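> Encoded as structure tokens, here's the structure I'll be asking about.
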Amino acid sequence: KGIVILGAGQPIVMCAMDWIAIGNEGMDQFKNALAAAAGTTPHRVTVNVLHQHDAPRYDAGAEQILLEAGIDPAIINPTQFEGTFGRETIRNLTVAVKKSLNHTQPVTHFGLGQAKVEKVASNRNIYGKDGKVRTTRMSSTKDASLRAEPEGVIDPVLSLVSFWNNDKPIAVISYYACHPQSYYRTGIPNPDFPGIARFYRQLTVPDALHIHFNGAGGNIAAGKYNDGAHENRLILATRLADGMKRAWDATRREAISDKDIEWIVEPVSLPPAKYLYKMQKDLSINDSLLINNNDVARKMAWLKRCEAGKKLDIACLKIKNARILYMPGELFVEYQLAARAERPDLFVAMAAYGDLGTGYIGTAQAYEKGGYEVSERASNVAPEVEGVLMKAIKNLLHK
């Protein structure tokens with residue numbers, strides 16, 4: 001689901017997808033195709049996934065590495081590396097965007113609303129007395145003692161941005177930071193509880209397109225409130241939909257013109273994790289690692305891009321006193337909280353899960369404290385990433 005904003009300079013394209021991940025050259029292909037379809041540049045396009053685990057993945061860079069090694073991507077994992085479905089989706093999106101340009105609607109007002117979501121999000125990491133991660137509370141947690149632990153650091157606020165044609169809502173866009181899993185690995189694609197919540201709101205306000213973005217939820221999940229029982233999908237969806245409703249009820253509208261909308265981009269080079277270089281060296285001796293570990297091809301695609309000097313766009317949609325940041329990776333919630341704290345005078349929201357070539361993106365301190373998210377298995381960036389991202393966030397929020 002997405003929108004194209006026309007009239008404020010070159011078109012702006014914002015697309016949210018019920019996929020687990022799009023990364024590396026795969027993200028380039030999505031952005032390039034959407035930009036061409038809308039008549040704009042890739043720098044004015046953002047594509048973010050919601051990260052549902054029963055959903056497709058596309059990484060054309062990883063696919064290419066496997067092909068160059070003489071390995072059939074479909075044999076390794078047909079749902080994660082073989083890119084036929086991804087390319088078909090890109091073609092379909094291109095057609096959809098071009099057709100949408102013939103059905104534009106004028107925007108006279110925009111609205112902003114916020115509300116706290118109750119009993120959905122909790123921090124995945126539980127710390128010991130030494131300050132290190134003692135254990136991780138995943139999306140579904142059967143251990144009652146772990147569910148009894150405090151919520152930890154989260155951002156409970158759901159932010160809502162809406163576009164209006166006078167009194168008629170055209171698009172309603174929500175932002176909330178939490179892994180979107182209730183139960184998963186079923187083999188059946190589904191949008192999980194955020195998709196159900198979005199559908200509820202679509203039925204309630206049927207004339208507007210409802211779009212949801214996952215915020216900086218890399219270290220946030222529903223584990224405190226979810227033991228994996230299938231009934232919890234509806235319970236979590238209802239709670240999230242309630243937060244969306246209350247943010248909608250709290251929405252305040254004001255008139256806008258084309259001069260009130262601006263898209264700002266800060267390209268950044270993110271430092272690759274040091275262990276990737278050893279992995280690269282090992283592969284030069286024996287490429288069987290590509291067969292034995294599903295993640296190696298993706299990791300090497302990311303390192304290859306870093307070595308080639310590729311940059312990622314950190315983007316900000318500016319509408320009067322609102323700033324909406326669009327970020328890469330499975331970003332830790334601390335970045336979202338820091339962005340809000342940086343400009344408490346503004347309405348600040350964040351969408352993460354853009355280019356997922358990065359894997360998880362922790363804070364510098366998080367890499368010292370340990371845990372799954374910052375392990376070699378999960379994160380493809382170095383601790384210095386915090387300084388790079390925070391500089392970009394501050395620049396965008398103060399421009």
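Going by the structure tokens order, chains are called A, B, ..., each with residues numbered from 1, while ligands are numbered from 1 in the order shown.
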Could you pull out the residues in stretch 232-271 of chain A that DSSP calls helix (DSSP H, G or I) from the backbone, as a short mmCIF file (atom, residue, chain, number, x, y, z; two decimals) with N, CA, C and O atoms, in the first residue's frame?

```
data_model
loop_
_atom_site.label_atom_id
_atom_site.label_comp_id
_atom_site.auth_asym_id
_atom_site.auth_seq_id
_atom_site.Cartn_x
_atom_site.Cartn_y
_atom_site.Cartn_z
N ASN A 232 -4.27 -15.02 20.36
CA ASN A 232 -3.64 -13.74 20.66
C ASN A 232 -3.49 -12.83 19.44
O ASN A 232 -3.33 -11.62 19.60
N ARG A 233 -3.54 -13.41 18.25
CA ARG A 233 -3.45 -12.56 17.05
C ARG A 233 -4.59 -11.55 17.05
O ARG A 233 -4.37 -10.35 16.81
N LEU A 234 -5.80 -12.00 17.32
CA LEU A 234 -6.95 -11.10 17.35
C LEU A 234 -6.87 -10.13 18.53
O LEU A 234 -7.20 -8.95 18.39
N ILE A 235 -6.40 -10.62 19.67
CA ILE A 235 -6.30 -9.76 20.86
C ILE A 235 -5.31 -8.62 20.59
O ILE A 235 -5.61 -7.44 20.86
N LEU A 236 -4.14 -8.95 20.05
CA LEU A 236 -3.14 -7.92 19.76
C LEU A 236 -3.63 -6.96 18.68
O LEU A 236 -3.41 -5.74 18.77
N ALA A 237 -4.31 -7.50 17.66
CA ALA A 237 -4.85 -6.66 16.60
C ALA A 237 -5.88 -5.68 17.15
O ALA A 237 -5.90 -4.50 16.76
N THR A 238 -6.72 -6.15 18.06
CA THR A 238 -7.75 -5.29 18.64
C THR A 238 -7.13 -4.17 19.45
O THR A 238 -7.58 -3.01 19.40
N ARG A 239 -6.07 -4.49 20.20
CA ARG A 239 -5.40 -3.46 21.00
C ARG A 239 -4.72 -2.43 20.11
O ARG A 239 -4.75 -1.22 20.40
N LEU A 240 -4.09 -2.90 19.02
CA LEU A 240 -3.44 -1.96 18.10
C LEU A 240 -4.48 -1.11 17.39
O LEU A 240 -4.29 0.11 17.24
N ALA A 241 -5.57 -1.72 16.97
CA ALA A 241 -6.64 -0.97 16.31
C ALA A 241 -7.23 0.08 17.25
O ALA A 241 -7.62 1.18 16.82
N ASP A 242 -7.32 -0.25 18.53
CA ASP A 242 -7.82 0.70 19.52
C ASP A 242 -6.90 1.92 19.60
O ASP A 242 -7.37 3.06 19.68
N GLY A 243 -5.57 1.68 19.58
CA GLY A 243 -4.64 2.80 19.56
C GLY A 243 -4.79 3.64 18.31
O GLY A 243 -4.73 4.88 18.35
N MET A 244 -4.99 2.98 17.16
CA MET A 244 -5.22 3.70 15.91
C MET A 244 -6.48 4.56 16.00
O MET A 244 -6.49 5.71 15.53
N LYS A 245 -7.54 3.99 16.59
CA LYS A 245 -8.79 4.73 16.71
C LYS A 245 -8.62 5.96 17.59
O LYS A 245 -9.11 7.06 17.27
N ARG A 246 -7.96 5.78 18.73
CA ARG A 246 -7.79 6.91 19.64
C ARG A 246 -6.89 7.99 19.04
O ARG A 246 -7.11 9.19 19.26
N ALA A 247 -5.90 7.59 18.26
CA ALA A 247 -5.08 8.58 17.55
C ALA A 247 -5.91 9.30 16.50
O ALA A 247 -5.75 10.51 16.28
N TRP A 248 -6.80 8.57 15.84
CA TRP A 248 -7.72 9.17 14.87
C TRP A 248 -8.66 10.16 15.56
O TRP A 248 -8.88 11.27 15.07
N ASP A 249 -9.20 9.77 16.69
CA ASP A 249 -10.11 10.65 17.44
C ASP A 249 -9.40 11.90 17.93
O ASP A 249 -10.03 12.96 18.09
N ASP A 258 1.08 23.36 -1.27
CA ASP A 258 2.27 22.67 -1.76
C ASP A 258 3.54 23.16 -1.08
O ASP A 258 4.51 22.42 -0.94
N LYS A 259 3.54 24.41 -0.64
CA LYS A 259 4.74 24.97 -0.01
C LYS A 259 4.99 24.41 1.39
O LYS A 259 6.07 24.60 1.95
N ASP A 260 4.00 23.73 1.95
CA ASP A 260 4.15 23.18 3.31
C ASP A 260 4.76 21.79 3.32
O ASP A 260 5.04 21.24 4.39
#
```
> For each of A:Phe347, A:Phe163, A:Phe193, A:Phe30, take the minimum atom-to-atom distance to A:Leu50, counting only C-alpha atoms, then give the residue where this is smallest.
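Nearest candidate to A:Leu50 out of A:Phe347, A:Phe163, A:Phe193, A:Phe30: A:Phe193.
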> Residues of stretch 89-133 of chain A within 10 Å of stretch 139-146 of chain A: nearest atom pair and distance (Å, one decimal) for each, counting only C-alpha atoms, sorted by chain and number, as CSV?

```
residue,atom,partner,partner_atom,distance
A:Ala121,CA,A:Ser139,CA,9.4
A:Ser122,CA,A:Ser139,CA,9.1
A:Asn123,CA,A:Ser139,CA,9.9
A:Arg124,CA,A:Ser139,CA,7.9
A:Ile126,CA,A:Leu146,CA,8.3
```
> With stretch 173-190 of chain A as the partner and 7 Å as the cut-off, tabulate the residues of stretch 343-366 of chain A that qualify, each row holding the nearest pair of atoms and their distance in Å to one decimal, using only C-alpha atoms, sorted by chain and rising number, as JSON lines.

```
{"residue": "A:Ala349", "atom": "CA", "partner": "A:Tyr175", "partner_atom": "CA", "distance": 6.7}
{"residue": "A:Met350", "atom": "CA", "partner": "A:Tyr175", "partner_atom": "CA", "distance": 6.6}
{"residue": "A:Ala351", "atom": "CA", "partner": "A:Tyr175", "partner_atom": "CA", "distance": 6.4}
```
> I need the residues from that last selection saved to file as a PDB file, in the first residue's frame (with all heavy atoms), if you can.

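Below you can see part35.pdb, which holds the result:
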```
ATOM      1  N   ALA A 349       7.620  11.288  13.975  1.00  0.00           N
ATOM      2  CA  ALA A 349       7.298   9.864  13.851  1.00  0.00           C
ATOM      3  C   ALA A 349       8.386   9.206  13.011  1.00  0.00           C
ATOM      4  O   ALA A 349       9.182   9.877  12.351  1.00  0.00           O
ATOM      5  CB  ALA A 349       5.931   9.664  13.217  1.00  0.00           C
ATOM      6  N   MET A 350       8.414   7.871  13.043  1.00  0.00           N
ATOM      7  CA  MET A 350       9.484   7.157  12.351  1.00  0.00           C
ATOM      8  C   MET A 350       8.977   5.845  11.760  1.00  0.00           C
ATOM      9  O   MET A 350       8.212   5.117  12.388  1.00  0.00           O
ATOM     10  CB  MET A 350      10.637   6.862  13.328  1.00  0.00           C
ATOM     11  CG  MET A 350      11.824   6.139  12.707  1.00  0.00           C
ATOM     12  SD  MET A 350      13.194   5.899  13.882  1.00  0.00           S
ATOM     13  CE  MET A 350      13.852   7.576  13.968  1.00  0.00           C
ATOM     14  N   ALA A 351       9.436   5.563  10.546  1.00  0.00           N
ATOM     15  CA  ALA A 351       9.268   4.257   9.915  1.00  0.00           C
ATOM     16  C   ALA A 351      10.655   3.663   9.730  1.00  0.00           C
ATOM     17  O   ALA A 351      11.555   4.328   9.205  1.00  0.00           O
ATOM     18  CB  ALA A 351       8.568   4.391   8.565  1.00  0.00           C
TER      19      ALA A 351
END
```
> Please run DSSP on the backbone and report, as an NGL selection string, all residues within stretch 120-267 of chain A that come out as strand (DSSP E or B).
:A and (122-123 or 125-127 or 133-136 or 157-165 or 168-176 or 209-214 or 220-221 or 252-255 or 261-267)
> Quick one: residues within 9 Å of A:Leu356, only C-alpha atoms counted, chain neighbours fewer than 6 positions away excluded, as a PDB file with N, CA, C and O atoms, in the first residue's frame?

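Once written, around-v9.pdb looks like this:
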```pdb
ATOM      1  N   ALA A  21      11.278  -8.764   4.277  1.00  0.00           N
ATOM      2  CA  ALA A  21      12.492  -7.978   4.035  1.00  0.00           C
ATOM      3  C   ALA A  21      12.680  -7.714   2.553  1.00  0.00           C
ATOM      4  O   ALA A  21      12.371  -8.550   1.706  1.00  0.00           O
ATOM      5  N   ILE A  22      13.226  -6.535   2.247  1.00  0.00           N
ATOM      6  CA  ILE A  22      13.761  -6.198   0.925  1.00  0.00           C
ATOM      7  C   ILE A  22      15.115  -5.566   1.182  1.00  0.00           C
ATOM      8  O   ILE A  22      15.232  -4.648   2.006  1.00  0.00           O
ATOM      9  N   GLY A  23      16.153  -6.047   0.502  1.00  0.00           N
ATOM     10  CA  GLY A  23      17.478  -5.523   0.810  1.00  0.00           C
ATOM     11  C   GLY A  23      18.407  -5.450  -0.379  1.00  0.00           C
ATOM     12  O   GLY A  23      18.182  -6.057  -1.431  1.00  0.00           O
ATOM     13  N   ASN A  24      19.485  -4.675  -0.178  1.00  0.00           N
ATOM     14  CA  ASN A  24      20.591  -4.571  -1.117  1.00  0.00           C
ATOM     15  C   ASN A  24      20.098  -4.204  -2.516  1.00  0.00           C
ATOM     16  O   ASN A  24      19.285  -3.292  -2.657  1.00  0.00           O
ATOM     17  N   MET A  27      16.347  -3.699  -2.999  1.00  0.00           N
ATOM     18  CA  MET A  27      15.764  -2.410  -2.660  1.00  0.00           C
ATOM     19  C   MET A  27      16.021  -1.388  -3.759  1.00  0.00           C
ATOM     20  O   MET A  27      15.142  -0.585  -4.096  1.00  0.00           O
ATOM     21  N   ASP A  59      16.081 -10.153  -2.167  1.00  0.00           N
ATOM     22  CA  ASP A  59      17.441  -9.619  -2.108  1.00  0.00           C
ATOM     23  C   ASP A  59      18.157 -10.044  -3.377  1.00  0.00           C
ATOM     24  O   ASP A  59      18.710 -11.143  -3.462  1.00  0.00           O
ATOM     25  N   PRO A 328      16.532   2.772   7.570  1.00  0.00           N
ATOM     26  CA  PRO A 328      16.832   1.402   7.136  1.00  0.00           C
ATOM     27  C   PRO A 328      16.869   0.433   8.313  1.00  0.00           C
ATOM     28  O   PRO A 328      16.912   0.838   9.483  1.00  0.00           O
ATOM     29  N   GLY A 329      16.860  -0.858   7.996  1.00  0.00           N
ATOM     30  CA  GLY A 329      17.202  -1.892   8.953  1.00  0.00           C
ATOM     31  C   GLY A 329      16.194  -2.163  10.050  1.00  0.00           C
ATOM     32  O   GLY A 329      15.182  -1.484  10.189  1.00  0.00           O
ATOM     33  N   GLU A 330      16.517  -3.205  10.831  1.00  0.00           N
ATOM     34  CA  GLU A 330      15.749  -3.517  12.041  1.00  0.00           C
ATOM     35  C   GLU A 330      16.302  -2.634  13.149  1.00  0.00           C
ATOM     36  O   GLU A 330      17.131  -3.034  13.962  1.00  0.00           O
TER      37      GLU A 330
END
```
> Find the residues around A:Leu317 up to 8 Å (only C-alpha atoms counted), leave out those fewer than 4 positions away in its own chain, and share them as JSON, numbers by chain.
{"A": [261, 262, 263, 264, 322, 323, 324, 325]}
> Name the residues in contact with A:Gln280 at a cut-off of 8 Å, using only C-alpha atoms, excluding same-chain residues fewer than 4 positions from it; report them as a PyMOL selection string.
chain A and resi 276+284+300
> Please save N, CA and C atoms of the selected residues as a compact mmCIF listing (two decimals), in the first residue's frame.

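Result saved to result.txt:
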```
# COMPACT_ATOMS: atom_id res chain seq x y z
N LEU A 276 32.40 -9.53 9.03
CA LEU A 276 32.08 -9.80 7.63
C LEU A 276 33.33 -9.98 6.78
N SER A 284 36.43 -17.03 0.12
CA SER A 284 37.38 -17.06 -1.00
C SER A 284 38.15 -18.37 -1.05
N MET A 300 27.18 -11.07 2.44
CA MET A 300 28.21 -10.74 1.46
C MET A 300 27.72 -9.70 0.46
```
> For A:Pro11, find every residue with an atom within 10 Å (counting only C-alpha atoms), except residues of its own chain fewer than 3 positions away, and show them as a PDB file with N, CA and C atoms, in the first residue's frame.

```pdb
ATOM      1  N   VAL A   4       1.337   8.469  -3.709  1.00  0.00           N
ATOM      2  CA  VAL A   4       2.203   9.362  -4.459  1.00  0.00           C
ATOM      3  C   VAL A   4       1.733  10.787  -4.177  1.00  0.00           C
ATOM      4  N   ILE A   5       2.636  11.629  -3.717  1.00  0.00           N
ATOM      5  CA  ILE A   5       2.319  13.036  -3.460  1.00  0.00           C
ATOM      6  C   ILE A   5       2.834  13.854  -4.631  1.00  0.00           C
ATOM      7  N   LEU A   6       1.924  14.552  -5.301  1.00  0.00           N
ATOM      8  CA  LEU A   6       2.263  15.379  -6.453  1.00  0.00           C
ATOM      9  C   LEU A   6       2.120  16.856  -6.097  1.00  0.00           C
ATOM     10  N   GLY A   7       2.938  17.677  -6.743  1.00  0.00           N
ATOM     11  CA  GLY A   7       2.768  19.122  -6.601  1.00  0.00           C
ATOM     12  C   GLY A   7       3.744  19.793  -5.670  1.00  0.00           C
ATOM     13  N   ALA A   8       4.500  19.038  -4.875  1.00  0.00           N
ATOM     14  CA  ALA A   8       5.490  19.604  -3.964  1.00  0.00           C
ATOM     15  C   ALA A   8       6.880  19.263  -4.497  1.00  0.00           C
ATOM     16  N   ALA A  35      10.179   4.929  -8.827  1.00  0.00           N
ATOM     17  CA  ALA A  35      10.541   6.283  -9.248  1.00  0.00           C
ATOM     18  C   ALA A  35      10.229   6.496 -10.727  1.00  0.00           C
ATOM     19  N   ALA A  38       6.472   6.828 -11.294  1.00  0.00           N
ATOM     20  CA  ALA A  38       5.869   8.067 -10.794  1.00  0.00           C
ATOM     21  C   ALA A  38       6.468   9.309 -11.428  1.00  0.00           C
ATOM     22  N   GLY A  39       7.536   9.151 -12.202  1.00  0.00           N
ATOM     23  CA  GLY A  39       8.179  10.307 -12.811  1.00  0.00           C
ATOM     24  C   GLY A  39       8.998  11.104 -11.829  1.00  0.00           C
ATOM     25  N   THR A  40       9.757  10.404 -10.973  1.00  0.00           N
ATOM     26  CA  THR A  40      10.573  11.080  -9.982  1.00  0.00           C
ATOM     27  C   THR A  40      11.926  10.388  -9.906  1.00  0.00           C
ATOM     28  N   THR A  41      12.706  10.680  -8.866  1.00  0.00           N
ATOM     29  CA  THR A  41      14.015  10.054  -8.679  1.00  0.00           C
ATOM     30  C   THR A  41      13.939   9.070  -7.513  1.00  0.00           C
ATOM     31  N   ARG A  44      13.509  10.185  -3.889  1.00  0.00           N
ATOM     32  CA  ARG A  44      12.209  10.654  -3.406  1.00  0.00           C
ATOM     33  C   ARG A  44      11.203   9.502  -3.282  1.00  0.00           C
ATOM     34  N   VAL A  45      11.750   8.308  -3.100  1.00  0.00           N
ATOM     35  CA  VAL A  45      10.951   7.104  -2.916  1.00  0.00           C
ATOM     36  C   VAL A  45      11.394   6.414  -1.631  1.00  0.00           C
ATOM     37  N   TRP A 263      10.458  17.083   1.036  1.00  0.00           N
ATOM     38  CA  TRP A 263      11.109  15.781   1.198  1.00  0.00           C
ATOM     39  C   TRP A 263      12.613  16.017   1.266  1.00  0.00           C
TER      40      TRP A 263
END
```
> Tell me, in Å to one decimal, how far atom CA of A:Asp282 is from atom CA of A:Glu307.
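Going from atom CA of A:Asp282 over to atom CA of A:Glu307, I get 17.1 Å.
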> Skipping near chain neighbours, those fewer than 3 positions away, what residues fall within 12 Å of A:Ala366 using only C-alpha atoms, listed as a CSV table (one decimal) with N, CA, C and O atoms, in the first residue's frame?

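That gives us selection15.csv:
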```
chain,number,residue,atom,x,y,z
A,125,ASN,N,14.9,-7.6,25.2
A,125,ASN,CA,16.1,-7.9,26.0
A,125,ASN,C,15.8,-7.7,27.5
A,125,ASN,O,15.3,-6.7,27.9
A,127,TYR,N,17.9,-7.8,31.1
A,127,TYR,CA,19.2,-7.6,31.5
A,127,TYR,C,19.5,-8.2,32.9
A,127,TYR,O,18.7,-8.2,33.8
A,131,GLY,N,24.4,-5.7,33.8
A,131,GLY,CA,24.1,-4.8,32.7
A,131,GLY,C,24.0,-5.5,31.3
A,131,GLY,O,23.6,-4.9,30.4
A,132,LYS,N,24.5,-6.7,31.3
A,132,LYS,CA,24.5,-7.5,30.0
A,132,LYS,C,23.1,-8.1,29.8
A,132,LYS,O,22.4,-8.3,30.7
A,133,VAL,N,22.8,-8.5,28.5
A,133,VAL,CA,21.6,-9.2,28.2
A,133,VAL,C,21.6,-10.5,28.8
A,133,VAL,O,22.5,-11.4,28.5
A,218,GLY,N,13.2,-2.9,16.2
A,218,GLY,CA,14.1,-4.0,16.1
A,218,GLY,C,14.3,-4.8,17.4
A,218,GLY,O,14.4,-6.0,17.4
A,219,ASN,N,14.3,-4.1,18.5
A,219,ASN,CA,14.4,-4.8,19.8
A,219,ASN,C,13.1,-4.8,20.6
A,219,ASN,O,13.0,-4.9,21.8
A,331,LEU,N,15.8,-1.4,13.2
A,331,LEU,CA,16.4,-0.4,14.0
A,331,LEU,C,15.9,-0.5,15.5
A,331,LEU,O,14.7,-0.7,15.7
A,332,PHE,N,16.8,-0.2,16.4
A,332,PHE,CA,16.4,-0.2,17.8
A,332,PHE,C,15.5,1.0,18.1
A,332,PHE,O,15.7,2.0,17.6
A,333,VAL,N,14.6,0.8,19.1
A,333,VAL,CA,13.7,1.8,19.5
A,333,VAL,C,14.4,3.0,20.0
A,333,VAL,O,13.8,4.1,20.0
A,334,GLU,N,15.6,2.9,20.5
A,334,GLU,CA,16.3,4.1,21.1
A,334,GLU,C,16.5,5.2,20.1
A,334,GLU,O,16.5,6.3,20.4
A,335,TYR,N,16.6,4.8,18.8
A,335,TYR,CA,16.7,5.8,17.8
A,335,TYR,C,15.4,6.6,17.6
A,335,TYR,O,15.5,7.9,17.4
A,360,TYR,N,19.9,-6.1,11.8
A,360,TYR,CA,19.6,-5.3,13.0
A,360,TYR,C,20.6,-4.2,13.1
A,360,TYR,O,21.8,-4.3,12.8
A,361,ILE,N,20.1,-3.0,13.6
A,361,ILE,CA,20.9,-1.9,13.8
A,361,ILE,C,20.7,-1.5,15.3
A,361,ILE,O,19.7,-0.9,15.7
A,362,GLY,N,21.7,-1.8,16.1
A,362,GLY,CA,21.6,-1.5,17.5
A,362,GLY,C,22.3,-0.2,17.8
A,362,GLY,O,22.8,0.5,16.9
A,363,THR,N,22.3,0.2,19.1
A,363,THR,CA,23.0,1.4,19.5
A,363,THR,C,24.5,0.9,19.9
A,363,THR,O,24.7,-0.3,20.0
A,369,LYS,N,26.4,-4.6,25.4
A,369,LYS,CA,25.6,-5.4,26.3
A,369,LYS,C,25.2,-6.8,25.8
A,369,LYS,O,24.8,-7.6,26.5
A,370,GLY,N,25.4,-7.0,24.5
A,370,GLY,CA,25.1,-8.3,23.9
A,370,GLY,C,23.7,-8.6,23.6
A,370,GLY,O,22.8,-7.7,23.7
A,371,GLY,N,23.4,-9.8,23.3
A,371,GLY,CA,22.0,-10.2,22.9
A,371,GLY,C,21.9,-10.6,21.4
A,371,GLY,O,22.9,-10.4,20.6
A,372,TYR,N,20.8,-11.3,21.1
A,372,TYR,CA,20.7,-11.8,19.8
A,372,TYR,C,20.8,-10.8,18.7
A,372,TYR,O,21.5,-11.0,17.7
A,373,GLU,N,20.1,-9.6,18.9
A,373,GLU,CA,20.0,-8.6,17.8
A,373,GLU,C,21.4,-8.1,17.3
A,373,GLU,O,21.5,-7.7,16.2
A,374,VAL,N,22.3,-8.0,18.2
A,374,VAL,CA,23.6,-7.4,17.9
A,374,VAL,C,24.7,-8.5,17.7
A,374,VAL,O,25.9,-8.2,17.6
A,375,SER,N,24.3,-9.8,17.6
A,375,SER,CA,25.2,-10.9,17.4
A,375,SER,C,25.6,-10.9,15.9
A,375,SER,O,25.0,-10.3,15.0
A,379,SER,N,23.3,-8.9,13.0
A,379,SER,CA,23.6,-7.5,12.7
A,379,SER,C,24.8,-7.5,11.7
A,379,SER,O,25.8,-8.1,11.9
A,382,ALA,N,28.6,-2.2,12.2
A,382,ALA,CA,29.5,-2.0,13.3
A,382,ALA,C,28.9,-1.1,14.4
A,382,ALA,O,28.0,-0.3,14.0
A,383,PRO,N,29.3,-1.1,15.6
A,383,PRO,CA,28.8,-0.2,16.6
A,383,PRO,C,28.8,1.3,16.3
A,383,PRO,O,28.0,2.1,16.8
A,384,GLU,N,29.8,1.7,15.4
A,384,GLU,CA,29.9,3.1,15.0
A,384,GLU,C,28.7,3.6,14.2
A,384,GLU,O,28.6,4.8,13.9
A,385,VAL,N,27.8,2.7,13.9
A,385,VAL,CA,26.6,3.0,13.1
A,385,VAL,C,25.8,4.1,13.9
A,385,VAL,O,25.2,4.9,13.2
A,386,GLU,N,25.8,4.0,15.2
A,386,GLU,CA,25.0,5.0,15.9
A,386,GLU,C,25.4,6.4,15.6
A,386,GLU,O,24.5,7.3,15.4
```
> Name the closest residue to A:Val268 among the candidates A:Lys320, A:Lys311, A:Arg305, A:Lys281; distances are taken between atoms, counting only C-alpha atoms.
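Nearest candidate to A:Val268 out of A:Lys320, A:Lys311, A:Arg305, A:Lys281: A:Lys311.
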> What is the distance between atom CA of A:Ile170 and atom CA of A:Glu266, in Å to one decimal?
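So the answer is 28.8 Å.
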> In terms of the shortest atom-to-atom distance over only C-alpha atoms, which of A:Val205, A:Val265, A:Ala339, A:Ile65 is closest to A:Leu312?
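With only C-alpha atoms as the atom set, the closest residue is A:Val265.
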